[in-house]
$ cat query_11.pdb   # PDB, C-alpha atoms
ATOM      1  CA  MET P   1      77.103 202.871  31.827
ATOM      2  CA  ILE P   2      78.848 199.528  31.349
ATOM      3  CA  THR P   3      82.608 199.319  30.861
ATOM      4  CA  PHE P   4      84.448 196.203  29.742
ATOM      5  CA  LEU P   5      88.165 195.843  30.306
ATOM      6  CA  SER P   6      90.175 193.052  28.844
ATOM      7  CA  CYS P   7      93.776 191.920  29.120
ATOM      8  CA  TYR P   8      95.502 189.703  26.616
ATOM      9  CA  LYS P   9      98.273 187.478  27.851
ATOM     10  CA  LYS P  10     100.179 185.471  25.279
ATOM     11  CA  VAL P  11     101.078 181.976  26.394
ATOM     12  CA  SER P  12     103.608 179.890  24.500
ATOM     13  CA  LYS P  13     102.776 176.238  24.024
ATOM     14  CA  ILE P  14     105.584 173.803  23.517
ATOM     15  CA  GLU P  15     104.605 170.206  23.087
ATOM     16  CA  ILE P  16     107.507 168.003  24.019
ATOM     17  CA  SER P  17     106.677 164.482  22.887
ATOM     18  CA  GLU P  18     104.425 161.751  24.230
ATOM     19  CA  GLU P  19     100.759 161.987  25.143
ATOM     20  CA  PHE P  20     101.646 162.841  28.755
ATOM     21  CA  ASP P  21     104.607 165.140  28.257
ATOM     22  CA  LYS P  22     103.279 168.662  27.737
ATOM     23  CA  VAL P  23     104.765 171.992  28.794
ATOM     24  CA  TYR P  24     103.052 175.392  28.733
ATOM     25  CA  ILE P  25     105.116 178.509  29.478
ATOM     26  CA  ASP P  26     103.336 181.553  30.842
ATOM     27  CA  PHE P  27     105.889 184.365  30.398
ATOM     28  CA  PRO P  28     105.751 187.522  28.245
ATOM     29  CA  ASP P  29     107.300 187.393  24.777
ATOM     30  CA  THR P  30     108.327 191.047  25.107
ATOM     31  CA  VAL P  31     109.711 192.593  28.313
ATOM     32  CA  ILE P  32     111.224 195.904  29.418
ATOM     33  CA  VAL P  33     114.948 196.047  30.145
ATOM     34  CA  ASP P  34     115.900 195.923  33.872
ATOM     35  CA  LYS P  35     112.335 195.114  34.969
ATOM     36  CA  LYS P  36     111.673 191.909  36.934
ATOM     37  CA  TYR P  37     109.039 189.455  35.728
ATOM     38  CA  ASN P  38     107.525 186.283  37.135
ATOM     39  CA  GLY P  39     106.465 183.298  35.090
ATOM     40  CA  ARG P  40     104.914 179.894  35.407
ATOM     41  CA  ILE P  41     105.308 176.567  33.700
ATOM     42  CA  THR P  42     102.367 174.212  33.580
ATOM     43  CA  TYR P  43     103.682 170.708  33.162
ATOM     44  CA  HIS P  44     102.030 167.336  32.537
ATOM     45  CA  GLY P  45     104.653 164.611  32.702
ATOM     46  CA  ALA P  46     104.744 160.877  32.126
ATOM     47  CA  LEU P  47     105.790 160.256  35.743
ATOM     48  CA  ASP P  48     102.277 161.339  36.804
ATOM     49  CA  SER P  49     101.370 157.712  36.065
ATOM     50  CA  ILE P  50     103.581 156.690  39.023
ATOM     51  CA  THR P  51     102.604 159.416  41.513
ATOM     52  CA  THR P  52     101.237 162.936  41.553
ATOM     53  CA  ASN P  53     102.066 163.547  45.229
ATOM     54  CA  PHE P  54     105.153 165.194  46.626
ATOM     55  CA  GLY P  55     106.610 164.026  49.941
ATOM     56  CA  GLU P  56     105.043 160.564  49.871
ATOM     57  CA  SER P  57     107.295 158.187  51.820
ATOM     58  CA  LYS P  58     107.086 155.210  49.425
ATOM     59  CA  LYS P  59     107.157 157.164  46.116
ATOM     60  CA  ASN P  60     108.852 160.517  46.542
ATOM     61  CA  ARG P  61     108.702 162.984  43.640
ATOM     62  CA  TYR P  62     110.695 166.097  42.812
ATOM     63  CA  ILE P  63     110.211 168.448  39.861
ATOM     64  CA  ARG P  64     112.470 171.426  39.226
ATOM     65  CA  PHE P  65     113.130 173.872  36.428
ATOM     66  CA  ILE P  66     116.823 174.547  35.846
ATOM     67  CA  MET P  67     117.311 177.619  33.656
ATOM     68  CA  THR P  68     119.568 180.255  32.223
ATOM     69  CA  LYS P  69     119.079 183.371  30.092
ATOM     70  CA  THR P  70     121.069 183.352  26.890
ATOM     71  CA  LYS P  71     121.477 185.131  23.542
ATOM     72  CA  SER P  72     121.676 181.890  21.565
ATOM     73  CA  ILE P  73     120.437 178.359  22.022
ATOM     74  CA  ASN P  74     123.056 175.716  22.655
ATOM     75  CA  PRO P  75     121.791 172.329  21.475
ATOM     76  CA  SER P  76     123.851 170.422  24.056
ATOM     77  CA  LEU P  77     122.005 169.555  27.247
ATOM     78  CA  ASP P  78     125.326 168.846  28.988
ATOM     79  CA  SER P  79     126.679 172.346  28.277
ATOM     80  CA  LEU P  80     123.384 173.910  29.393
ATOM     81  CA  VAL P  81     123.748 172.319  32.825
ATOM     82  CA  LEU P  82     127.173 173.984  33.188
ATOM     83  CA  VAL P  83     125.798 177.533  32.672
ATOM     84  CA  VAL P  84     122.659 177.268  34.813
ATOM     85  CA  LYS P  85     121.797 180.500  36.616
ATOM     86  CA  ASP P  86     118.609 179.609  38.515
ATOM     87  CA  SER P  87     116.670 176.607  39.720
ATOM     88  CA  PHE P  88     112.991 176.630  40.720
ATOM     89  CA  GLY P  89     110.996 173.875  42.386
ATOM     90  CA  ALA P  90     107.473 172.799  41.518
ATOM     91  CA  ILE P  91     104.690 173.549  43.995
ATOM     92  CA  ASP P  92     102.715 170.506  42.811
ATOM     93  CA  ASN P  93     102.892 167.989  39.976
ATOM     94  CA  ARG P  94     101.564 170.575  37.490
ATOM     95  CA  THR P  95     102.985 174.015  38.384
ATOM     96  CA  ILE P  96     106.525 175.386  38.423
ATOM     97  CA  PRO P  97     106.630 179.107  39.236
ATOM     98  CA  PHE P  98     109.772 181.116  38.454
ATOM     99  CA  TYR P  99     110.500 184.561  39.848
ATOM    100  CA  ASN P 100     112.439 187.785  39.344
ATOM    101  CA  ILE P 101     113.575 187.180  35.780
ATOM    102  CA  LYS P 102     115.321 190.334  34.549
ATOM    103  CA  PHE P 103     117.263 191.130  31.396
ATOM    104  CA  ASP P 104     120.059 193.710  31.621
ATOM    105  CA  SER P 105     120.268 194.689  27.961
ATOM    106  CA  ILE P 106     118.078 195.165  24.891
ATOM    107  CA  GLY P 107     117.788 192.477  22.218
ATOM    108  CA  GLU P 108     116.597 188.933  21.594
ATOM    109  CA  PHE P 109     117.162 186.443  24.383
ATOM    110  CA  TYR P 110     116.056 182.957  25.334
ATOM    111  CA  ILE P 111     114.979 181.444  28.588
ATOM    112  CA  ASP P 112     116.659 178.097  28.123
ATOM    113  CA  GLY P 113     116.276 175.309  30.616
ATOM    114  CA  VAL P 114     115.387 171.794  31.603
ATOM    115  CA  ILE P 115     112.499 170.409  33.583
ATOM    116  CA  ASN P 116     113.967 167.651  35.743
ATOM    117  CA  ASP P 117     111.228 165.237  36.880
ATOM    118  CA  LEU P 118     112.362 162.621  39.371
ATOM    119  CA  VAL P 119     110.619 159.822  41.294
ATOM    120  CA  ILE P 120     112.346 157.748  43.981
ATOM    121  CA  ILE P 121     110.533 154.508  44.809
ATOM    122  CA  ASP P 122     111.261 152.737  48.087
ATOM    123  CA  THR P 123     111.655 149.119  46.952
ATOM    124  CA  ASP P 124     111.452 147.750  50.512
ATOM    125  CA  THR P 125     107.694 147.776  50.013
ATOM    126  CA  ILE P 126     107.942 145.414  47.030
ATOM    127  CA  GLY P 127     108.256 141.660  47.614
ATOM    128  CA  SER P 128     109.363 140.100  50.879
ATOM    129  CA  LYS P 129     111.168 141.995  53.611
ATOM    130  CA  ASP P 130     114.403 140.114  52.889
ATOM    131  CA  GLU P 131     114.600 141.215  49.247
ATOM    132  CA  GLY P 132     116.147 144.545  48.296
ATOM    133  CA  LYS P 133     116.723 145.787  51.827
ATOM    134  CA  GLY P 134     117.560 149.492  51.734
ATOM    135  CA  LEU P 135     117.270 149.768  47.957
ATOM    136  CA  ALA P 136     115.452 152.446  45.999
ATOM    137  CA  ARG P 137     114.591 152.823  42.353
ATOM    138  CA  LEU P 138     115.224 156.165  40.673
ATOM    139  CA  ILE P 139     113.264 157.203  37.583
ATOM    140  CA  GLU P 140     114.205 160.508  35.962
ATOM    141  CA  ASN P 141     112.968 162.409  32.911
ATOM    142  CA  ASN P 142     114.435 165.628  31.538
ATOM    143  CA  TYR P 143     112.565 167.945  29.179
ATOM    144  CA  ARG P 144     114.157 170.863  27.378
ATOM    145  CA  VAL P 145     112.275 174.173  27.579
ATOM    146  CA  ILE P 146     113.114 177.186  25.369
ATOM    147  CA  HIS P 147     111.213 180.469  25.327
ATOM    148  CA  LYS P 148     112.185 183.449  23.141
ATOM    149  CA  VAL P 149     112.008 186.889  24.778
ATOM    150  CA  VAL P 150     112.474 190.279  23.115
ATOM    151  CA  VAL P 151     113.822 192.926  25.490
ATOM    152  CA  VAL P 152     112.917 196.568  24.745
ATOM    153  CA  GLU P 153     113.448 199.954  26.445
TER     154      GLU P 153
END
$ encode --input "query_11.pdb" --output "structure tokens"
Amino acid sequence: MITFLSCYKKVSKIEISEEFDKVYIDFPDTVIVDKKYNGRITYHGALDSITTNFGESKKNRYIRFIMTKTKSINPSLDSLVLVVKDSFGAIDNRTIPFYNIKFDSIGEFYIDGVINDLVIIDTDTIGSKDEGKGLARLIENNYRVIHKVVVVE
């Protein structure tokens, strides 16, 4: 006897803009109230063209997902930053896991957040030793991420 089991996992795809800037959210569209869920964002950002390594001394990179759970989407990025509930760091230049997401009531909600991608370049390595002593260049991109979630009993 042969038995086949299969699981279907719906993955939302949100394409942000340029050729490089792509975000894939792996989180259920429907969840049970008061149950904790984990998710993952797969991210391909434009700053990959500068570096894909974290912790490099000359080009240091940080990627984090700043998020909140909300009933409605606020179009203002500035107001979103004021109501942030959680922040999760990337484990590499492609993957941002997020943990223990729980909704306390039934209804339609949104995971609303920003991927903050940041590279700091040590400019002491550019040009002669006398130029730009102690200076660094900061390059930062922010990408809005919204994922609708229906919470049921």
$ resolve_selection --input "query_11.pdb" --expression "the PyMOL selection byres ((chain P and resi 50) around 12)" --output "number ranges by chain"
P: 45-49, 51-54, 56, 58-61, 93, 117-121, 138-140
$ closest_residue --input "query_11.pdb" --among "P:Gly55, P:Arg40, P:Asp26, P:Thr70" --to "Asp104 (chain P)" --atoms "all atoms listed in the file"
P:Thr70
$ closest_residue --input "query_11.pdb" --among "P:Ile41, P:Ile25, P:Ile63, P:Ile73" --to "Asn141 (chain P)" --atoms "all atoms listed in the file"
P:Ile63
$ closest_residue --input "query_11.pdb" --among "P:Lys71, P:Arg144, P:Arg94, P:Arg137" --to "Phe109 (chain P)" --atoms "all atoms listed in the file"
P:Lys71
$ residues_around --input "query_11.pdb" --residues "Thr95 (chain P)" --least-positions-apart "6" --cutoff "10 Å" --atoms "only C-alpha atoms" --output "number ranges by chain"
P: 23-24, 40-44, 63-64, 89
$ atom_distance --input "query_11.pdb" --atom1 "CA of Lys102 (chain P)" --atom2 "CA of Val33 (chain P)"
7.2 Å
$ residues_near_point --input "query_11.pdb" --point "(114.6, 180.9, 24.1)" --cutoff "8 Å" --atoms "all atoms listed in the file" --output "NGL selection string"
:P and (69-70 or 72-73 or 109-112 or 145-149)
$ resolve_selection --input "query_11.pdb" --expression "the PyMOL selection byres ((chain P and resi 79-86) around 9)" --output "PyMOL selection string"
chain P and resi 65-69+74-78+87-88+98+112-114
$ atom_distance --input "query_11.pdb" --atom1 "CA of Ala90 (chain P)" --atom2 "CA of Asn142 (chain P)"
14.1 Å
$ closest_residue --input "query_11.pdb" --among "P:Tyr62, P:Glu108, P:Lys36, P:Val151" --to "Ile96 (chain P)" --atoms "all atoms listed in the file"
P:Tyr62
$ closest_residue --input "query_11.pdb" --among "P:Ile32, P:Leu135, P:Asn38, P:Asp122" --to "Ser105 (chain P)" --atoms "all atoms listed in the file"
P:Ile32
$ closest_residue --input "query_11.pdb" --among "P:Asn116, P:Ser57, P:Thr30, P:Asn100" --to "Tyr143 (chain P)" --atoms "all atoms listed in the file"
P:Asn116
$ atom_distance --input "query_11.pdb" --atom1 "CA of Pro28 (chain P)" --atom2 "CA of Ile106 (chain P)"
14.9 Å
